[in-house]
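Structure file run_29.pdb; described as PDB, C-alpha atoms.
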MODEL        1
ATOM      1  CA  MET M 577     -24.223 -19.268  -3.522
ATOM      2  CA  SER M 578     -20.600 -18.262  -3.995
ATOM      3  CA  TRP M 579     -17.409 -19.638  -2.486
ATOM      4  CA  LEU M 580     -14.526 -17.905  -0.751
ATOM      5  CA  TYR M 581     -12.097 -20.676  -1.739
ATOM      6  CA  SER M 582     -12.068 -23.212  -4.539
ATOM      7  CA  PHE M 583     -11.882 -26.993  -4.154
ATOM      8  CA  THR M 584      -8.126 -27.620  -4.205
ATOM      9  CA  LEU M 585      -5.783 -30.575  -4.037
ATOM     10  CA  THR M 586      -5.800 -30.394  -0.221
ATOM     11  CA  GLU M 587      -9.552 -30.942   0.000
ATOM     12  CA  GLY M 588      -9.271 -33.663  -2.673
ATOM     13  CA  ILE M 589      -6.615 -35.544  -0.680
ATOM     14  CA  LEU M 590      -8.678 -35.323   2.518
ATOM     15  CA  SER M 591     -11.764 -36.635   0.720
ATOM     16  CA  GLY M 592      -9.781 -39.472  -0.865
ATOM     17  CA  LEU M 593      -8.255 -40.507   2.479
ATOM     18  CA  PHE M 594     -11.662 -40.465   4.150
ATOM     19  CA  ALA M 595     -13.193 -42.629   1.424
ATOM     20  CA  LEU M 596     -10.250 -45.054   1.338
ATOM     21  CA  LEU M 597     -10.019 -45.549   5.107
ATOM     22  CA  TYR M 598     -13.750 -45.891   5.541
ATOM     23  CA  LEU M 599     -14.019 -48.418   2.726
ATOM     24  CA  ALA M 600     -11.265 -50.441   4.401
ATOM     25  CA  TYR M 601     -13.135 -50.193   7.717
ATOM     26  CA  MET M 602     -16.417 -51.331   6.109
ATOM     27  CA  ALA M 603     -14.740 -54.196   4.317
ATOM     28  CA  ARG M 604     -13.324 -55.413   7.619
ATOM     29  CA  VAL M 605     -16.701 -55.122   9.412
ATOM     30  CA  ILE M 606     -18.595 -56.873   6.628
ATOM     31  CA  SER M 607     -15.988 -59.624   6.417
ATOM     32  CA  THR M 608     -16.159 -60.176  10.187
ATOM     33  CA  ALA M 609     -19.985 -60.190  10.149
ATOM     34  CA  LYS M 610     -20.073 -62.762   7.384
ATOM     35  CA  LYS M 611     -17.679 -65.033   9.236
ATOM     36  CA  LEU M 612     -19.872 -64.801  12.344
ATOM     37  CA  LYS M 613     -22.992 -65.082  10.195
ATOM     38  CA  VAL M 614     -24.627 -62.040  11.801
ATOM     39  CA  GLY M 615     -26.269 -58.844  10.467
ATOM     40  CA  TYR M 616     -24.209 -55.788   9.639
ATOM     41  CA  SER M 617     -26.744 -53.338   8.145
ATOM     42  CA  ASN M 618     -26.168 -50.791  10.971
ATOM     43  CA  VAL M 619     -22.702 -50.067   9.591
ATOM     44  CA  PHE M 620     -24.430 -48.031   6.878
ATOM     45  CA  ILE M 621     -26.064 -45.786   9.505
ATOM     46  CA  LYS M 622     -22.633 -44.839  10.848
ATOM     47  CA  LEU M 623     -21.383 -44.401   7.279
ATOM     48  CA  LEU M 624     -24.222 -41.982   6.479
ATOM     49  CA  ILE M 625     -23.692 -39.868   9.607
ATOM     50  CA  ARG M 626     -19.922 -39.651   9.185
ATOM     51  CA  THR M 627     -20.129 -38.934   5.461
ATOM     52  CA  VAL M 628     -22.587 -36.092   6.043
ATOM     53  CA  TYR M 629     -20.508 -34.337   8.703
ATOM     54  CA  PHE M 630     -17.312 -34.837   6.688
ATOM     55  CA  ILE M 631     -18.986 -33.129   3.701
ATOM     56  CA  LEU M 632     -20.246 -30.329   5.971
ATOM     57  CA  ILE M 633     -16.696 -29.722   7.255
ATOM     58  CA  ILE M 634     -15.337 -29.546   3.698
ATOM     59  CA  VAL M 635     -18.108 -27.102   2.736
ATOM     60  CA  ALA M 636     -17.315 -24.933   5.777
ATOM     61  CA  ILE M 637     -13.619 -24.868   4.795
ATOM     62  CA  LEU M 638     -14.518 -23.633   1.302
ATOM     63  CA  GLY M 639     -16.373 -20.639   2.793
ATOM     64  CA  PRO M 640     -19.905 -20.631   1.340
ATOM     65  CA  SER M 641     -21.408 -17.157   0.962
ATOM     66  CA  PHE M 642     -25.078 -16.381   0.404
ATOM     67  CA  GLY M 643     -27.681 -13.858   1.424
ATOM     68  CA  GLU M 644     -27.374 -10.720  -0.717
ATOM     69  CA  SER M 645     -27.318  -7.299   0.959
ATOM     70  CA  LYS M 646     -26.435  -3.706   0.117
ATOM     71  CA  ARG M 647     -23.420  -1.961   1.621
ATOM     72  CA  GLU M 648     -22.339   1.648   1.235
ATOM     73  CA  VAL M 649     -18.723   2.077   0.184
ATOM     74  CA  LYS M 650     -17.168   5.510   0.603
ATOM     75  CA  SER M 651     -14.061   6.659  -1.267
ATOM     76  CA  VAL M 652     -12.106   9.204   0.791
ATOM     77  CA  GLY M 653      -8.696  10.528  -0.142
ATOM     78  CA  LYS M 654      -6.231  13.323  -0.767
ATOM     79  CA  ASP M 655      -4.317  14.650  -3.762
ATOM     80  CA  ILE M 656      -0.557  14.749  -3.120
ATOM     81  CA  PHE M 657       2.154  16.174  -5.393
ATOM     82  CA  MET M 658       5.798  15.316  -4.719
ATOM     83  CA  LEU M 659       8.244  17.899  -6.086
ATOM     84  CA  VAL M 660      11.740  16.422  -6.459
ATOM     85  CA  ASP M 661      14.898  18.492  -6.935
ATOM     86  CA  LEU M 662      17.132  16.889  -9.586
ATOM     87  CA  SER M 663      19.955  19.438  -9.607
ATOM     88  CA  GLU M 664      23.493  18.000  -9.774
ATOM     89  CA  SER M 665      24.004  18.480  -6.032
ATOM     90  CA  MET M 666      21.565  15.612  -5.454
ATOM     91  CA  ASN M 667      24.383  13.283  -6.575
ATOM     92  CA  ALA M 668      26.375  14.176  -3.444
ATOM     93  CA  ALA M 669      27.230  11.203  -1.234
ATOM     94  CA  ASP M 670      27.038  12.755   2.245
ATOM     95  CA  ILE M 671      23.795  10.738   2.532
ATOM     96  CA  GLN M 672      24.552   7.163   1.475
ATOM     97  CA  PRO M 673      24.544   5.956  -1.219
ATOM     98  CA  THR M 674      23.675   9.419  -2.610
ATOM     99  CA  ARG M 675      21.095  12.031  -1.726
ATOM    100  CA  LEU M 676      19.024  11.151  -4.788
ATOM    101  CA  GLU M 677      19.133   7.380  -4.242
ATOM    102  CA  LYS M 678      18.064   7.872  -0.636
ATOM    103  CA  ILE M 679      15.178  10.083  -1.739
ATOM    104  CA  LYS M 680      14.086   7.500  -4.317
ATOM    105  CA  PHE M 681      13.966   4.862  -1.591
ATOM    106  CA  GLU M 682      11.931   7.113   0.711
ATOM    107  CA  LEU M 683       9.575   8.181  -2.091
ATOM    108  CA  LYS M 684       8.557   4.545  -2.538
ATOM    109  CA  ASN M 685       7.768   4.378   1.188
ATOM    110  CA  ILE M 686       5.642   7.515   0.871
ATOM    111  CA  VAL M 687       3.768   6.063  -2.116
ATOM    112  CA  LYS M 688       3.119   2.858  -0.165
ATOM    113  CA  ALA M 689       1.841   4.823   2.852
ATOM    114  CA  PHE M 690      -0.789   6.670   0.793
ATOM    115  CA  ASN M 691      -2.161   3.852  -1.359
ATOM    116  CA  SER M 692      -5.724   5.208  -1.215
ATOM    117  CA  ASP M 693      -4.715   8.715  -2.323
ATOM    118  CA  ARG M 694      -3.874  10.146  -5.725
ATOM    119  CA  MET M 695      -0.198  11.051  -6.062
ATOM    120  CA  GLY M 696       1.879  12.803  -8.720
ATOM    121  CA  ILE M 697       5.556  13.640  -9.303
ATOM    122  CA  ILE M 698       7.062  16.890 -10.593
ATOM    123  CA  ILE M 699      10.818  17.121 -11.192
ATOM    124  CA  PHE M 700      12.760  20.368 -11.273
ATOM    125  CA  SER M 701      16.015  22.295 -11.027
ATOM    126  CA  SER M 702      15.873  25.695 -12.728
ATOM    127  CA  GLU M 703      12.820  24.450 -14.688
ATOM    128  CA  SER M 704      10.028  22.047 -13.819
ATOM    129  CA  PHE M 705       8.592  19.062 -15.682
ATOM    130  CA  MET M 706       5.654  16.735 -15.051
ATOM    131  CA  GLN M 707       7.049  13.268 -14.400
ATOM    132  CA  SER M 708       3.749  11.663 -13.389
ATOM    133  CA  PRO M 709       0.249  13.191 -13.214
ATOM    134  CA  LEU M 710      -1.976  12.454 -10.242
ATOM    135  CA  THR M 711      -2.735   8.734 -10.214
ATOM    136  CA  TYR M 712      -3.738   5.834  -7.973
ATOM    137  CA  ASP M 713      -1.377   3.494  -9.864
ATOM    138  CA  GLN M 714       1.410   2.689  -7.387
ATOM    139  CA  ASN M 715       3.282   0.509  -9.869
ATOM    140  CA  ALA M 716       3.486   3.393 -12.332
ATOM    141  CA  LEU M 717       4.618   5.791  -9.607
ATOM    142  CA  ASN M 718       7.357   3.409  -8.453
ATOM    143  CA  LEU M 719       8.506   2.998 -12.063
ATOM    144  CA  PHE M 720       8.765   6.785 -12.483
ATOM    145  CA  ILE M 721      10.639   7.046  -9.174
ATOM    146  CA  GLU M 722      13.129   4.388 -10.237
ATOM    147  CA  THR M 723      14.005   6.340 -13.414
ATOM    148  CA  LEU M 724      14.765   9.634 -11.608
ATOM    149  CA  ASN M 725      18.237  11.007 -12.319
ATOM    150  CA  THR M 726      19.879  14.423 -12.582
ATOM    151  CA  ARG M 727      20.158  14.185 -16.386
ATOM    152  CA  LEU M 728      16.393  14.536 -16.794
ATOM    153  CA  VAL M 729      16.466  18.308 -16.211
ATOM    154  CA  PRO M 730      18.781  21.185 -17.197
ATOM    155  CA  ASN M 731      21.151  22.067 -14.359
ATOM    156  CA  ALA M 732      21.360  25.846 -14.054
ATOM    157  CA  GLY M 733      20.584  26.317 -10.371
ATOM    158  CA  THR M 734      17.548  25.624  -8.181
ATOM    159  CA  ASP M 735      14.249  27.463  -8.508
ATOM    160  CA  PHE M 736      11.290  26.494  -6.310
ATOM    161  CA  GLY M 737       8.851  28.760  -8.180
ATOM    162  CA  PRO M 738       8.149  26.709 -11.359
ATOM    163  CA  PRO M 739       7.405  23.357  -9.638
ATOM    164  CA  LEU M 740       5.226  25.026  -6.994
ATOM    165  CA  LYS M 741       3.287  26.890  -9.687
ATOM    166  CA  MET M 742       2.817  23.712 -11.742
ATOM    167  CA  ALA M 743       1.622  21.736  -8.710
ATOM    168  CA  LEU M 744      -0.818  24.528  -7.781
ATOM    169  CA  GLU M 745      -2.263  24.606 -11.301
ATOM    170  CA  LYS M 746      -2.711  20.824 -11.441
ATOM    171  CA  LEU M 747      -4.299  20.650  -7.989
ATOM    172  CA  ASN M 748      -6.788  23.331  -9.014
ATOM    173  CA  ALA M 749      -7.526  21.836 -12.435
ATOM    174  CA  GLU M 750     -11.198  21.448 -13.348
ATOM    175  CA  GLU M 751     -10.940  17.667 -13.658
ATOM    176  CA  SER M 752      -9.882  17.335 -10.002
ATOM    177  CA  PRO M 753     -12.609  15.557  -7.992
ATOM    178  CA  LEU M 754     -11.571  17.416  -4.833
ATOM    179  CA  THR M 755     -13.114  20.743  -3.887
ATOM    180  CA  GLN M 756     -11.692  21.104  -0.384
ATOM    181  CA  GLN M 757      -8.250  22.700  -0.503
ATOM    182  CA  LYS M 758      -7.333  21.179   2.860
ATOM    183  CA  SER M 759      -7.231  17.761   1.158
ATOM    184  CA  LYS M 760      -4.549  18.912  -1.298
ATOM    185  CA  VAL M 761      -0.886  18.497  -0.314
ATOM    186  CA  ILE M 762       2.463  19.515  -1.796
ATOM    187  CA  ILE M 763       5.754  17.941  -0.679
ATOM    188  CA  LEU M 764       8.846  19.884  -1.846
ATOM    189  CA  ILE M 765      12.099  17.893  -1.658
ATOM    190  CA  SER M 766      15.433  19.632  -2.115
ATOM    191  CA  ASP M 767      18.927  20.094  -0.725
ATOM    192  CA  GLY M 768      19.706  23.673  -1.679
ATOM    193  CA  GLU M 769      18.981  27.337  -1.651
ATOM    194  CA  ASP M 770      16.196  28.798  -3.797
ATOM    195  CA  PHE M 771      17.567  31.136  -6.489
ATOM    196  CA  GLY M 772      14.199  31.863  -8.089
ATOM    197  CA  GLU M 773      12.285  35.133  -8.097
ATOM    198  CA  GLN M 774       8.707  33.859  -8.405
ATOM    199  CA  THR M 775       8.642  31.671  -5.306
ATOM    200  CA  GLU M 776       7.201  34.283  -2.966
ATOM    201  CA  ASP M 777       4.215  35.020  -5.222
ATOM    202  CA  VAL M 778       3.384  31.320  -5.632
ATOM    203  CA  THR M 779       3.839  30.765  -1.902
ATOM    204  CA  GLN M 780       1.272  33.466  -1.177
ATOM    205  CA  ASP M 781      -1.225  31.761  -3.507
ATOM    206  CA  ILE M 782      -0.661  28.408  -1.808
ATOM    207  CA  GLU M 783      -1.091  29.948   1.644
ATOM    208  CA  SER M 784      -4.228  31.907   0.674
ATOM    209  CA  GLN M 785      -5.876  28.799  -0.791
ATOM    210  CA  GLY M 786      -5.184  26.704   2.306
ATOM    211  CA  ILE M 787      -3.167  24.051   0.468
ATOM    212  CA  LYS M 788      -0.699  22.302   2.751
ATOM    213  CA  LEU M 789       2.972  22.620   1.791
ATOM    214  CA  PHE M 790       5.574  20.426   3.470
ATOM    215  CA  THR M 791       9.288  20.687   2.752
ATOM    216  CA  LEU M 792      11.867  17.913   3.073
ATOM    217  CA  GLY M 793      15.551  18.812   3.139
ATOM    218  CA  ILE M 794      18.256  16.226   2.474
ATOM    219  CA  GLY M 795      21.979  16.544   3.091
ATOM    220  CA  THR M 796      24.435  17.440   5.841
ATOM    221  CA  GLU M 797      26.084  20.588   7.167
ATOM    222  CA  ARG M 798      29.573  19.206   6.434
ATOM    223  CA  GLY M 799      28.526  18.623   2.840
ATOM    224  CA  SER M 800      30.114  16.534   0.117
ATOM    225  CA  LYS M 801      31.774  16.730  -3.274
ATOM    226  CA  ILE M 802      29.583  16.280  -6.351
ATOM    227  CA  ARG M 803      30.611  13.327  -8.468
ATOM    228  CA  VAL M 804      30.403  13.903 -12.214
ATOM    229  CA  ARG M 805      31.854  12.114 -15.228
ATOM    230  CA  GLY M 806      35.616  12.116 -14.950
ATOM    231  CA  GLY M 807      35.816  13.065 -11.275
ATOM    232  CA  PHE M 808      34.205  15.779  -9.174
ATOM    233  CA  LYS M 809      32.487  19.012 -10.130
ATOM    234  CA  ARG M 810      34.710  22.128 -10.068
ATOM    235  CA  ASP M 811      33.965  25.847 -10.086
ATOM    236  CA  ARG M 812      35.366  28.360 -12.589
ATOM    237  CA  GLN M 813      38.552  28.670 -10.562
ATOM    238  CA  GLY M 814      39.121  24.928 -10.723
ATOM    239  CA  ASN M 815      38.259  24.243  -7.092
ATOM    240  CA  GLU M 816      36.191  21.203  -6.196
ATOM    241  CA  VAL M 817      32.643  22.207  -5.296
ATOM    242  CA  ILE M 818      31.377  21.238  -1.850
ATOM    243  CA  THR M 819      27.579  21.130  -1.570
ATOM    244  CA  LYS M 820      25.932  21.487   1.825
ATOM    245  CA  LEU M 821      22.331  21.282   2.915
ATOM    246  CA  ASP M 822      20.864  24.789   2.944
ATOM    247  CA  SER M 823      17.648  24.444   4.889
ATOM    248  CA  LYS M 824      16.944  28.164   5.232
ATOM    249  CA  SER M 825      14.770  28.484   2.100
ATOM    250  CA  LEU M 826      12.913  25.260   2.851
ATOM    251  CA  ARG M 827      12.175  26.298   6.431
ATOM    252  CA  LYS M 828      10.948  29.683   5.210
ATOM    253  CA  LEU M 829       8.583  28.077   2.688
ATOM    254  CA  ALA M 830       7.086  25.782   5.315
ATOM    255  CA  SER M 831       6.699  28.638   7.793
ATOM    256  CA  GLU M 832       5.001  30.998   5.315
ATOM    257  CA  THR M 833       2.403  28.406   4.274
ATOM    258  CA  ASP M 834       1.612  27.084   7.754
ATOM    259  CA  GLY M 835       3.311  23.848   6.785
ATOM    260  CA  GLN M 836       6.202  22.011   8.367
ATOM    261  CA  TYR M 837       9.864  21.353   7.597
ATOM    262  CA  PHE M 838      11.377  17.850   7.748
ATOM    263  CA  GLU M 839      14.942  16.683   7.200
ATOM    264  CA  ILE M 840      17.093  13.707   6.267
ATOM    265  CA  ASN M 841      20.683  14.010   7.488
ATOM    266  CA  GLU M 842      23.446  11.695   8.753
ATOM    267  CA  THR M 843      21.716  11.099  12.103
ATOM    268  CA  ASN M 844      18.027  11.800  11.499
ATOM    269  CA  ASN M 845      15.319  10.739   9.074
ATOM    270  CA  ASP M 846      11.988  12.564   9.385
ATOM    271  CA  VAL M 847      10.139  10.711   6.609
ATOM    272  CA  SER M 848       8.064   8.682   9.068
ATOM    273  CA  ARG M 849       7.076  11.932  10.824
ATOM    274  CA  LEU M 850       6.187  13.454   7.460
ATOM    275  CA  ILE M 851       3.939  10.490   6.650
ATOM    276  CA  SER M 852       2.319  10.665  10.078
ATOM    277  CA  THR M 853       1.667  14.398   9.710
ATOM    278  CA  ILE M 854       0.038  14.020   6.278
ATOM    279  CA  ASN M 855      -2.049  11.096   7.549
ATOM    280  CA  LYS M 856      -3.609  13.460  10.077
ATOM    281  CA  ILE M 857      -4.956  15.646   7.280
ATOM    282  CA  GLU M 858      -8.601  14.872   6.636
ATOM    283  CA  GLY M 859      -9.316  13.487   3.200
ATOM    284  CA  GLU M 860     -12.314  14.462   1.114
ATOM    285  CA  LEU M 861     -15.225  12.225   0.194
ATOM    286  CA  ARG M 862     -14.806  11.512  -3.520
ATOM    287  CA  ASP M 863     -17.873   9.347  -4.134
ATOM    288  CA  THR M 864     -20.271   6.923  -2.466
ATOM    289  CA  ARG M 865     -21.427   3.660  -4.027
ATOM    290  CA  GLN M 866     -23.865   0.924  -3.106
ATOM    291  CA  VAL M 867     -22.421  -2.542  -3.674
ATOM    292  CA  ASP M 868     -23.956  -6.003  -3.390
ATOM    293  CA  VAL M 869     -22.255  -8.126  -0.769
ATOM    294  CA  SER M 870     -22.762 -11.648   0.543
ATOM    295  CA  ALA M 871     -21.619 -12.930   3.914
ATOM    296  CA  ASN M 872     -19.509 -16.009   4.576
ATOM    297  CA  ARG M 873     -21.905 -18.458   6.245
ATOM    298  CA  TYR M 874     -19.395 -21.246   6.991
ATOM    299  CA  TYR M 875     -20.469 -21.435  10.633
ATOM    300  CA  TYR M 876     -23.903 -22.862   9.721
ATOM    301  CA  PHE M 877     -22.257 -25.898   8.148
ATOM    302  CA  LEU M 878     -19.645 -26.160  10.888
ATOM    303  CA  LEU M 879     -22.284 -26.159  13.638
ATOM    304  CA  ALA M 880     -24.262 -28.845  11.823
ATOM    305  CA  ALA M 881     -21.088 -30.930  11.470
ATOM    306  CA  LEU M 882     -20.268 -30.535  15.185
ATOM    307  CA  PHE M 883     -23.803 -31.622  16.092
ATOM    308  CA  LEU M 884     -23.467 -34.774  13.986
ATOM    309  CA  ILE M 885     -20.014 -35.508  15.446
ATOM    310  CA  LEU M 886     -21.479 -35.209  18.950
ATOM    311  CA  LEU M 887     -24.366 -37.474  17.929
ATOM    312  CA  ASP M 888     -21.879 -39.983  16.482
ATOM    313  CA  VAL M 889     -19.878 -40.033  19.720
ATOM    314  CA  LEU M 890     -22.809 -40.221  22.146
ATOM    315  CA  ALA M 891     -25.205 -42.449  20.181
ATOM    316  CA  SER M 892     -24.436 -46.135  20.564
ATOM    317  CA  VAL M 893     -25.246 -48.186  17.467
ATOM    318  CA  LYS M 894     -24.383 -51.862  17.245
ATOM    319  CA  VAL M 895     -22.598 -52.219  13.952
ATOM    320  CA  ILE M 896     -22.742 -56.030  14.121
ATOM    321  CA  LYS M 897     -25.909 -57.615  15.462
ATOM    322  CA  ILE M 898     -25.133 -60.764  17.451
TER     323      ILE M 898
ENDMDL
END

Now that the file is in, can you turn its structure into structure tokens?
Amino acid sequence: MSWLYSFTLTEGILSGLFALLYLAYMARVISTAKKLKVGYSNVFIKLLIRTVYFILIIVAILGPSFGESKREVKSVGKDIFMLVDLSESMNAADIQPTRLEKIKFELKNIVKAFNSDRMGIIIFSSESFMQSPLTYDQNALNLFIETLNTRLVPNAGTDFGPPLKMALEKLNAEESPLTQQKSKVIILISDGEDFGEQTEDVTQDIESQGIKLFTLGIGTERGSKIRVRGGFKRDRQGNEVITKLDSKSLRKLASETDGQYFEINETNNDVSRLISTINKIEGELRDTRQVDVSANRYYYFLLAALFLILLDVLASVKVIKI
């Protein structure tokens, strides 16, 4: 037999109060019986009944489990790569507090929403780097998310090709337990135009393999200055650079891969819709296991206690024989 809960201070206090109060009650009955010079042996019958159902109630509270049985446990899930743009424009503050800080907050919500799926993070600007391989470890993912900043990658423009290619290679790696491409997802997060030349070829591979690609744009049409050390970023002519959300490339990517485009701007946040859309994708069965389980049988003890309580109430026993 195993127990759902352990015997704690609460149960100890209840047991102590029961024993103390009942001892005081018995002492009073016995003292009265002796003064009247009558028998009092029936008090022990009541003591036995009440002690038994009190113990049964305590046992029921602790949740006794017994009766071994086999249960099939299925592990179903998806593999999801999040591709995060870390170009300098992600420091713009048209989305408060900045585009990047907002994305970091939303990435944690995405990780929380897919706690039974493997997730990974790839960071990029003109080049791509693996920040976190596919993992179930949410704490590790949140730690990697918290450390994201634009200094982690070289800033020489935005190229969607390298991160998409890296994600495709990792999703198709031999060690992946998934064989169904429909259970593999890529989320590309950016605020700018794609200046790469390899994106179209990688996009065709993603589309032909049936891997779902979703894009998430962040920023506003009015745009914002880019804060850097010592002020704001300037172009070669000395003018302050204004960065605006350019959703054209992101929309095109989503359209060409039969995916969907989502956006975070000053009035709209599509992250919940993104999560809902990915949740609708059918996961793949990873493995099936047989586990030993035991059921909580507290109700047996509770029913027995209720029966004894009813018997105690209805049965009339003379505690003092006169």

Show which residues sit within 9 Å of range 775-778 of chain M, as a ChimeraX atom specification. Count only C-alpha atoms, and ignore same-chain residues fewer than 5 positions away. /M:735-738,740-741,744,770,783,829

I would like the residues chosen by the PyMOL selection byres ((chain M and resi 655-659) around 6) on the shown file; could you give them as an MDAnalysis selection string? chainID M and resid 654 660 694:699 760:765

Skip Ser641 in chain M itself and residues of its chain fewer than 5 positions away, then list as a list in words all residues within 12 Å of it, counting only C-alpha atoms. Met577, Ser578, Trp579, Leu580, Tyr581, Val635, Ala636, Val869, Ser870, Ala871, Asn872, Arg873, Tyr874, Tyr875, Tyr876 and Phe877 of chain M

Atomic separation - CA of Ala600 in chain M relative to CA of Leu585 in chain M, Å: 22.3 Å

Pick from M:Ile840, M:Ala689, M:Leu821, M:Leu623 nearest to Val605 in chain M, counting only C-alpha atoms: M:Leu623

Once the PyMOL selection byres ((chain M and resi 788) around 6) has been evaluated on this model, what residues remain selected, and can you format them as JSON, numbers by chain? {"M": [761, 787, 789, 835]}

Next, write the just-selected residues to a file, as a PDB file, in the frame of the given file, keeping C-alpha atoms as the atom set.
ATOM      1  CA  VAL M 761      -0.886  18.497  -0.314  1.00  0.00           C
ATOM      2  CA  ILE M 787      -3.167  24.051   0.468  1.00  0.00           C
ATOM      3  CA  LEU M 789       2.972  22.620   1.791  1.00  0.00           C
ATOM      4  CA  GLY M 835       3.311  23.848   6.785  1.00  0.00           C
TER       5      GLY M 835
END

In file coordinates, which residues lie within 6 Å of (-8.1, 17.4, 0.3) using all atoms listed in the file, given as a ChimeraX atom specification? /M:654,756-760,859-860

Distance CA of Asp822 in chain M-CA of Phe681 in chain M, one decimal place?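 That distance, rounded to one decimal, is 21.6 Å.
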
Residues near Ser831 in chain M, anyone? I mean within 12 Å using only C-alpha atoms, not counting same-chain ones fewer than 3 positions away, as JSON, numbers by chain. {"M": [779, 780, 783, 788, 789, 790, 791, 824, 825, 826, 827, 828, 834, 835, 836, 837, 838]}

Just to be explicit: take each residue in the selection above, keep C-alpha atoms, and write the result as a short mmCIF file (atom, residue, chain, number, x, y, z; two decimals), keeping the file's coordinate frame.
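File written: part_17.cif
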data_model
loop_
_atom_site.label_atom_id
_atom_site.label_comp_id
_atom_site.auth_asym_id
_atom_site.auth_seq_id
_atom_site.Cartn_x
_atom_site.Cartn_y
_atom_site.Cartn_z
CA THR M 779 3.84 30.76 -1.90
CA GLN M 780 1.27 33.47 -1.18
CA GLU M 783 -1.09 29.95 1.64
CA LYS M 788 -0.70 22.30 2.75
CA LEU M 789 2.97 22.62 1.79
CA PHE M 790 5.57 20.43 3.47
CA THR M 791 9.29 20.69 2.75
CA LYS M 824 16.94 28.16 5.23
CA SER M 825 14.77 28.48 2.10
CA LEU M 826 12.91 25.26 2.85
CA ARG M 827 12.18 26.30 6.43
CA LYS M 828 10.95 29.68 5.21
CA ASP M 834 1.61 27.08 7.75
CA GLY M 835 3.31 23.85 6.78
CA GLN M 836 6.20 22.01 8.37
CA TYR M 837 9.86 21.35 7.60
CA PHE M 838 11.38 17.85 7.75
#

Polymer residues at most 6 Å from range 718-734 of chain M, only C-alpha atoms, same-chain spacing of 2 or more positions, as a VMD selection string: chain M and resid 662 to 664 680 701 to 702 715 to 716 770 to 771

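Going from CA of Glu797 in chain M over to CA of Lys820 in chain M, you cover 5.4 Å.
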
Find the spatial neighbours of Ala880 in chain M, counting all atoms listed in the file, within a cut-off of 8 Å - ignore same-chain residues fewer than 4 positions away - and output them as a PDB file with C-alpha atoms, in the coordinates of the input.
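Done, and the output landed in result.pdb:
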ATOM      1  CA  TYR M 629     -20.508 -34.337   8.703  1.00  0.00           C
ATOM      2  CA  LEU M 632     -20.246 -30.329   5.971  1.00  0.00           C
ATOM      3  CA  TYR M 876     -23.903 -22.862   9.721  1.00  0.00           C
ATOM      4  CA  LEU M 884     -23.467 -34.774  13.986  1.00  0.00           C
TER       5      LEU M 884
END

Just say which residues the PyMOL selection byres ((chain M and resi 849) around 12) picks in this file, as a list in words.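 Selected by the PyMOL selection byres ((chain M and resi 849) around 12) here: Ile686, Ala689, Phe790, Leu792, Gln836, Tyr837, Phe838, Glu839, Ile840, Asn844, Asn845, Asp846, Val847, Ser848, Leu850, Ile851, Ser852, Thr853, Ile854, Asn855 and Lys856 of chain M.
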
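The smallest atom-to-atom distance between Ile625 in chain M and any of M:Ser704, M:Ala881, M:Leu890, M:Arg798, using all atoms listed in the file, is found for M:Ala881.
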
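Closest approach to Glu842 in chain M among M:Arg675, M:Leu597, M:Val628, M:Leu879 is made by M:Arg675 (distances from only C-alpha atoms).
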
For each of M:Ser617, M:Ser823, M:Gln707, M:Thr796, take the minimum atom-to-atom distance to Ala743 in chain M, counting all atoms listed in the file, then give the residue where this is smallest.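 When distances to Ala743 in chain M are compared using all atoms listed in the file, the smallest one comes from M:Gln707.
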
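Minimum atom-to-atom distance to Val687 in chain M, evaluated using only C-alpha atoms, belongs to M:Leu710 out of M:Ala595, M:Leu710, M:Ile782, M:Val614.
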